[in-house]
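Engineer: This is start-v9.cif, which holds mmCIF, N, CA and C atoms and all ligand atoms:
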```
data_protein
#
loop_
_atom_site.group_PDB
_atom_site.id
_atom_site.type_symbol
_atom_site.label_atom_id
_atom_site.label_comp_id
_atom_site.auth_asym_id
_atom_site.auth_seq_id
_atom_site.Cartn_x
_atom_site.Cartn_y
_atom_site.Cartn_z
ATOM 1 N N MET M 1 83.584 107.282 95.968
ATOM 2 C CA MET M 1 84.441 106.127 95.682
ATOM 3 C C MET M 1 85.850 106.424 96.189
ATOM 4 N N PRO M 2 86.485 105.455 96.872
ATOM 5 C CA PRO M 2 87.827 105.727 97.407
ATOM 6 C C PRO M 2 88.841 105.897 96.276
ATOM 7 N N SER M 3 89.904 106.661 96.541
ATOM 8 C CA SER M 3 91.012 106.746 95.598
ATOM 9 C C SER M 3 91.804 105.442 95.657
ATOM 10 N N CYS M 4 92.731 105.278 94.687
ATOM 11 C CA CYS M 4 93.547 104.059 94.674
ATOM 12 C C CYS M 4 94.352 103.958 95.967
ATOM 13 N N ARG M 5 94.822 105.081 96.456
ATOM 14 C CA ARG M 5 95.605 105.072 97.686
ATOM 15 C C ARG M 5 94.742 104.613 98.871
ATOM 16 N N GLU M 6 93.547 105.176 98.953
ATOM 17 C CA GLU M 6 92.633 104.766 100.028
ATOM 18 C C GLU M 6 92.271 103.290 99.887
ATOM 19 N N MET M 7 92.101 102.880 98.638
ATOM 20 C CA MET M 7 91.729 101.490 98.374
ATOM 21 C C MET M 7 92.796 100.527 98.888
ATOM 22 N N SER M 8 94.071 100.896 98.696
ATOM 23 C CA SER M 8 95.147 100.018 99.168
ATOM 24 C C SER M 8 95.117 99.913 100.687
ATOM 25 N N GLU M 9 94.638 100.971 101.342
ATOM 26 C CA GLU M 9 94.549 100.933 102.805
ATOM 27 C C GLU M 9 93.303 100.157 103.266
ATOM 28 N N LEU M 10 92.254 100.188 102.433
ATOM 29 C CA LEU M 10 91.006 99.500 102.782
ATOM 30 C C LEU M 10 91.040 98.009 102.452
ATOM 31 N N ALA M 11 91.992 97.625 101.575
ATOM 32 C CA ALA M 11 91.938 96.280 100.996
ATOM 33 C C ALA M 11 91.898 95.170 102.045
ATOM 34 N N THR M 12 92.736 95.283 103.070
ATOM 35 C CA THR M 12 92.788 94.224 104.088
ATOM 36 C C THR M 12 91.472 94.147 104.852
ATOM 37 N N ASP M 13 90.960 95.304 105.247
ATOM 38 C CA ASP M 13 89.685 95.323 105.975
ATOM 39 C C ASP M 13 88.556 94.785 105.094
ATOM 40 N N TYR M 14 88.612 95.147 103.812
ATOM 41 C CA TYR M 14 87.597 94.674 102.873
ATOM 42 C C TYR M 14 87.625 93.144 102.793
ATOM 43 N N MET M 15 88.826 92.613 102.687
ATOM 44 C CA MET M 15 88.998 91.170 102.566
ATOM 45 C C MET M 15 88.487 90.453 103.815
ATOM 46 N N GLU M 16 88.704 91.081 104.966
ATOM 47 C CA GLU M 16 88.331 90.438 106.231
ATOM 48 C C GLU M 16 86.896 90.759 106.646
ATOM 49 N N GLY M 17 86.199 91.525 105.796
ATOM 50 C CA GLY M 17 84.812 91.857 106.115
ATOM 51 C C GLY M 17 84.698 92.819 107.280
ATOM 52 N N ALA M 18 85.741 93.636 107.483
ATOM 53 C CA ALA M 18 85.762 94.530 108.641
ATOM 54 C C ALA M 18 85.169 95.911 108.336
ATOM 55 N N LEU M 19 84.714 96.109 107.080
ATOM 56 C CA LEU M 19 84.163 97.413 106.708
ATOM 57 C C LEU M 19 82.648 97.428 106.880
ATOM 58 N N GLY M 20 82.107 98.609 107.132
ATOM 59 C CA GLY M 20 80.658 98.783 107.093
ATOM 60 C C GLY M 20 80.172 98.656 105.651
ATOM 61 N N TRP M 21 78.862 98.535 105.490
ATOM 62 C CA TRP M 21 78.363 98.239 104.137
ATOM 63 C C TRP M 21 78.666 99.345 103.143
ATOM 64 N N ARG M 22 78.636 100.609 103.597
ATOM 65 C CA ARG M 22 78.936 101.710 102.675
ATOM 66 C C ARG M 22 80.353 101.618 102.139
ATOM 67 N N ALA M 23 81.308 101.440 103.062
ATOM 68 C CA ALA M 23 82.710 101.352 102.661
ATOM 69 C C ALA M 23 82.947 100.106 101.817
ATOM 70 N N ARG M 24 82.239 99.024 102.182
ATOM 71 C CA ARG M 24 82.406 97.785 101.437
ATOM 72 C C ARG M 24 81.888 97.950 100.006
ATOM 73 N N PHE M 25 80.754 98.605 99.875
ATOM 74 C CA PHE M 25 80.188 98.827 98.555
ATOM 75 C C PHE M 25 81.093 99.743 97.719
ATOM 76 N N ALA M 26 81.611 100.788 98.355
ATOM 77 C CA ALA M 26 82.515 101.708 97.650
ATOM 78 C C ALA M 26 83.779 100.987 97.205
ATOM 79 N N ALA M 27 84.304 100.131 98.092
ATOM 80 C CA ALA M 27 85.515 99.380 97.755
ATOM 81 C C ALA M 27 85.236 98.404 96.619
ATOM 82 N N TRP M 28 84.073 97.750 96.694
ATOM 83 C CA TRP M 28 83.696 96.791 95.647
ATOM 84 C C TRP M 28 83.581 97.493 94.296
ATOM 85 N N ARG M 29 82.953 98.683 94.309
ATOM 86 C CA ARG M 29 82.823 99.438 93.051
ATOM 87 C C ARG M 29 84.180 99.827 92.498
ATOM 88 N N HIS M 30 85.077 100.249 93.400
ATOM 89 C CA HIS M 30 86.411 100.644 92.958
ATOM 90 C C HIS M 30 87.136 99.444 92.347
ATOM 91 N N LEU M 31 87.071 98.301 93.030
ATOM 92 C CA LEU M 31 87.757 97.108 92.520
ATOM 93 C C LEU M 31 87.202 96.691 91.168
ATOM 94 N N ARG M 32 85.897 96.862 90.995
ATOM 95 C CA ARG M 32 85.278 96.482 89.727
ATOM 96 C C ARG M 32 85.769 97.385 88.595
ATOM 97 N N ALA M 33 86.014 98.642 88.928
ATOM 98 C CA ALA M 33 86.366 99.626 87.906
ATOM 99 C C ALA M 33 87.868 99.756 87.677
ATOM 100 N N CYS M 34 88.687 99.328 88.637
ATOM 101 C CA CYS M 34 90.109 99.664 88.608
ATOM 102 C C CYS M 34 90.968 98.404 88.540
ATOM 103 N N ALA M 35 91.554 98.155 87.374
ATOM 104 C CA ALA M 35 92.354 96.938 87.171
ATOM 105 C C ALA M 35 93.583 96.928 88.079
ATOM 106 N N MET M 36 94.142 98.098 88.328
ATOM 107 C CA MET M 36 95.350 98.169 89.151
ATOM 108 C C MET M 36 95.062 97.711 90.581
ATOM 109 N N CYS M 37 93.966 98.186 91.138
ATOM 110 C CA CYS M 37 93.620 97.796 92.503
ATOM 111 C C CYS M 37 93.164 96.339 92.549
ATOM 112 N N ARG M 38 92.526 95.877 91.470
ATOM 113 C CA ARG M 38 92.142 94.470 91.417
ATOM 114 C C ARG M 38 93.378 93.583 91.481
ATOM 115 N N ALA M 39 94.413 93.966 90.746
ATOM 116 C CA ALA M 39 95.658 93.192 90.759
ATOM 117 C C ALA M 39 96.280 93.215 92.154
ATOM 118 N N TYR M 40 96.270 94.375 92.765
ATOM 119 C CA TYR M 40 96.794 94.498 94.128
ATOM 120 C C TYR M 40 95.988 93.615 95.082
ATOM 121 N N TYR M 41 94.676 93.683 94.961
ATOM 122 C CA TYR M 41 93.793 92.922 95.832
ATOM 123 C C TYR M 41 94.000 91.418 95.640
ATOM 124 N N ASP M 42 94.177 90.997 94.367
ATOM 125 C CA ASP M 42 94.439 89.581 94.088
ATOM 126 C C ASP M 42 95.708 89.110 94.786
ATOM 127 N N GLN M 43 96.748 89.932 94.706
ATOM 128 C CA GLN M 43 98.017 89.567 95.342
ATOM 129 C C GLN M 43 97.846 89.468 96.845
ATOM 130 N N LEU M 44 97.126 90.435 97.388
ATOM 131 C CA LEU M 44 96.885 90.458 98.827
ATOM 132 C C LEU M 44 96.090 89.214 99.248
ATOM 133 N N ALA M 45 95.074 88.878 98.447
ATOM 134 C CA ALA M 45 94.237 87.712 98.759
ATOM 135 C C ALA M 45 95.061 86.427 98.726
ATOM 136 N N LYS M 46 95.975 86.332 97.759
ATOM 137 C CA LYS M 46 96.831 85.147 97.673
ATOM 138 C C LYS M 46 97.735 85.059 98.898
ATOM 139 N N LEU M 47 98.331 86.175 99.265
ATOM 140 C CA LEU M 47 99.190 86.204 100.451
ATOM 141 C C LEU M 47 98.408 85.810 101.695
ATOM 142 N N GLN M 48 97.214 86.383 101.816
ATOM 143 C CA GLN M 48 96.361 86.127 102.969
ATOM 144 C C GLN M 48 96.015 84.642 103.041
ATOM 145 N N HIS M 49 95.726 84.065 101.892
ATOM 146 C CA HIS M 49 95.387 82.652 101.815
ATOM 147 C C HIS M 49 96.562 81.795 102.292
ATOM 148 N N LEU M 50 97.763 82.139 101.842
ATOM 149 C CA LEU M 50 98.959 81.396 102.246
ATOM 150 C C LEU M 50 99.212 81.557 103.739
ATOM 151 N N LEU M 51 98.993 82.785 104.236
ATOM 152 C CA LEU M 51 99.189 83.035 105.666
ATOM 153 C C LEU M 51 98.253 82.169 106.502
ATOM 154 N N ARG M 52 96.991 82.074 106.045
ATOM 155 C CA ARG M 52 96.006 81.282 106.782
ATOM 156 C C ARG M 52 96.408 79.822 106.813
ATOM 157 N N ARG M 53 96.963 79.328 105.705
ATOM 158 C CA ARG M 53 97.393 77.927 105.648
ATOM 159 C C ARG M 53 98.676 77.709 106.441
ATOM 160 N N GLY M 54 99.343 78.800 106.766
ATOM 161 C CA GLY M 54 100.528 78.711 107.601
ATOM 162 C C GLY M 54 101.775 78.262 106.869
ATOM 163 N N ASP M 55 101.732 78.284 105.533
ATOM 164 C CA ASP M 55 102.952 77.891 104.810
ATOM 165 C C ASP M 55 103.359 78.980 103.825
ATOM 166 N N LEU M 56 103.524 80.159 104.379
ATOM 167 C CA LEU M 56 103.921 81.292 103.542
ATOM 168 C C LEU M 56 105.356 81.129 103.049
ATOM 169 N N PRO M 57 105.515 81.103 101.733
ATOM 170 C CA PRO M 57 106.878 81.068 101.208
ATOM 171 C C PRO M 57 107.495 82.453 101.322
ATOM 172 N N PRO M 58 108.802 82.564 101.201
ATOM 173 C CA PRO M 58 109.391 83.907 101.182
ATOM 174 C C PRO M 58 108.760 84.692 100.041
ATOM 175 N N PRO M 59 108.358 85.942 100.267
ATOM 176 C CA PRO M 59 107.658 86.672 99.211
ATOM 177 C C PRO M 59 108.550 86.876 97.996
ATOM 178 N N ALA M 60 107.959 86.655 96.839
ATOM 179 C CA ALA M 60 108.685 86.939 95.609
ATOM 180 C C ALA M 60 108.985 88.432 95.577
ATOM 181 N N ALA M 61 110.160 88.766 95.109
ATOM 182 C CA ALA M 61 110.601 90.160 95.136
ATOM 183 C C ALA M 61 109.595 91.085 94.467
ATOM 184 N N GLU M 62 109.005 90.630 93.345
ATOM 185 C CA GLU M 62 108.092 91.523 92.620
ATOM 186 C C GLU M 62 106.769 91.717 93.368
ATOM 187 N N VAL M 63 106.330 90.679 94.097
ATOM 188 C CA VAL M 63 105.114 90.828 94.897
ATOM 189 C C VAL M 63 105.360 91.834 96.010
ATOM 190 N N GLU M 64 106.486 91.672 96.660
ATOM 191 C CA GLU M 64 106.844 92.576 97.750
ATOM 192 C C GLU M 64 106.935 94.013 97.240
ATOM 193 N N ALA M 65 107.573 94.179 96.091
ATOM 194 C CA ALA M 65 107.722 95.509 95.519
ATOM 195 C C ALA M 65 106.366 96.110 95.170
ATOM 196 N N ALA M 66 105.477 95.273 94.610
ATOM 197 C CA ALA M 66 104.153 95.761 94.230
ATOM 198 C C ALA M 66 103.357 96.178 95.460
ATOM 199 N N LEU M 67 103.466 95.392 96.527
ATOM 200 C CA LEU M 67 102.740 95.728 97.748
ATOM 201 C C LEU M 67 103.278 97.014 98.355
ATOM 202 N N LEU M 68 104.587 97.151 98.379
ATOM 203 C CA LEU M 68 105.186 98.363 98.929
ATOM 204 C C LEU M 68 104.805 99.576 98.096
ATOM 205 N N ALA M 69 104.815 99.391 96.776
ATOM 206 C CA ALA M 69 104.466 100.492 95.880
ATOM 207 C C ALA M 69 103.021 100.912 96.095
ATOM 208 N N ALA M 70 102.129 99.925 96.211
ATOM 209 C CA ALA M 70 100.714 100.223 96.404
ATOM 210 C C ALA M 70 100.505 100.945 97.741
ATOM 211 N N ARG M 71 101.208 100.493 98.751
ATOM 212 C CA ARG M 71 101.126 101.117 100.073
ATOM 213 C C ARG M 71 101.528 102.589 100.022
ATOM 214 N N SER M 72 102.539 102.887 99.234
ATOM 215 C CA SER M 72 103.020 104.266 99.195
ATOM 216 C C SER M 72 102.295 105.076 98.135
ATOM 217 N N GLY M 73 101.264 104.488 97.510
ATOM 218 C CA GLY M 73 100.439 105.230 96.567
ATOM 219 C C GLY M 73 101.012 105.313 95.165
ATOM 220 N N GLN M 74 102.087 104.582 94.907
ATOM 221 C CA GLN M 74 102.659 104.564 93.569
ATOM 222 C C GLN M 74 102.096 103.377 92.811
ATOM 223 N N PRO M 75 101.874 103.516 91.504
ATOM 224 C CA PRO M 75 101.418 102.342 90.746
ATOM 225 C C PRO M 75 102.525 101.304 90.674
ATOM 226 N N PRO M 76 102.148 99.997 90.609
ATOM 227 C CA PRO M 76 103.178 98.967 90.439
ATOM 228 C C PRO M 76 103.922 99.190 89.136
ATOM 229 N N ALA M 77 105.141 98.677 89.069
ATOM 230 C CA ALA M 77 106.006 98.930 87.914
ATOM 231 C C ALA M 77 105.356 98.535 86.602
ATOM 232 N N ASP M 78 104.575 97.448 86.607
ATOM 233 C CA ASP M 78 103.981 96.974 85.354
ATOM 234 C C ASP M 78 102.592 97.565 85.106
ATOM 235 N N GLY M 79 102.137 98.440 85.985
ATOM 236 C CA GLY M 79 100.806 98.965 85.837
ATOM 237 C C GLY M 79 100.856 100.374 85.346
HETATM 238 ZN ZN ZN O 101 92.307 101.865 92.021
#
```
Would you mind writing the file's structure down as structure tokens?
Ligand SMILES: [Zn+2]

Structural biologist:
Amino acid sequence: MPSCREMSELATDYMEGALGWRARFAAWRHLRACAMCRAYYDQLAKLQHLLRRGDLPPPAAEVEAALLAARSGQPPADG
């Protein structure tokens, strides 16, 4: 199972279906077990959805901070 740090790196590929089945299954298991990564993934999915619609608002400071924190392997401030 990937670590939280690895999971934050896999999240985009997972969302886009770019992972092989093993990595996808491992990521799915991690997301099921880890509330912190689920929250990160939810935020990422929302951003991705807005990007696809082409009307991305300026990122809320806390979302940006959470994404940066997750990227650097630190837990989000509220997690
Ligand atoms: Zn995790």

Engineer: Output the residue selection produced by the PyMOL selection byres (((not hetatm)) within 8 of (chain O and resi 101)) on the file above, formatted as a PyMOL selection string.

Structural biologist: chain M and resi 2-8+30-31+33-38

Engineer: Between atom C of Gly20 of chain M and atom N of Asp55 of chain M, what is the distance in Å, rounded to a tenth?

Structural biologist: 29.7 Å

Engineer: Compare M:Asp42, M:Tyr14, M:Ser72, M:Val63 by their minimum atom-to-atom distance to Ala27 of chain M, counting only N, CA and C atoms, and give me the closest one.

Structural biologist: M:Tyr14

Engineer: Counting only C-alpha atoms, which of M:Leu67, M:Leu44, M:Leu51, M:Ala11 gets nearest to Trp28 of chain M?

Structural biologist: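 Looking only at the distances to Trp28 of chain M, the closest residue turns out to be M:Ala11.
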
Engineer: Atom CA of Ala65 of chain M and atom CA of Arg52 of chain M are how many Å apart?

Structural biologist: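 Result for atom CA of Ala65 of chain M versus atom CA of Arg52 of chain M: 21.6 Å, one decimal.
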
Engineer: As an exercise, work out the distance from atom CA of Glu9 of chain M to atom C of Gly54 of chain M in Å and give it to one decimal place.

Structural biologist: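 Spanning atom CA of Glu9 of chain M to atom C of Gly54 of chain M is a straight-line distance of 24.1 Å.
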
Engineer: Out of segment 3-62 of chain M, which residues get helix (DSSP H, G or I) from DSSP, as JSON, numbers by chain?

Structural biologist: {"M": [4, 5, 6, 7, 8, 9, 10, 11, 12, 13, 14, 15, 21, 22, 23, 24, 25, 26, 27, 28, 29, 30, 31, 32, 33, 35, 36, 37, 38, 39, 40, 41, 42, 43, 44, 45, 46, 47, 48, 49, 50, 51, 52, 53, 61, 62]}

Engineer: Looking at M:Tyr40, M:Arg32, M:Ala69, M:Ala45, which one is nearest to Met15 of chain M, with distances taken over only C-alpha atoms?

Structural biologist: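 Among the listed residues, the smallest separation from Met15 of chain M belongs to M:Ala45.
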
Engineer: My list of candidates is M:Leu10, M:Gln48, M:Ala39, M:Arg53. Which is closest to Ala66 of chain M when distances are computed with only C-alpha atoms?

Structural biologist: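 For Ala66 of chain M, the nearest of the candidates is M:Ala39.
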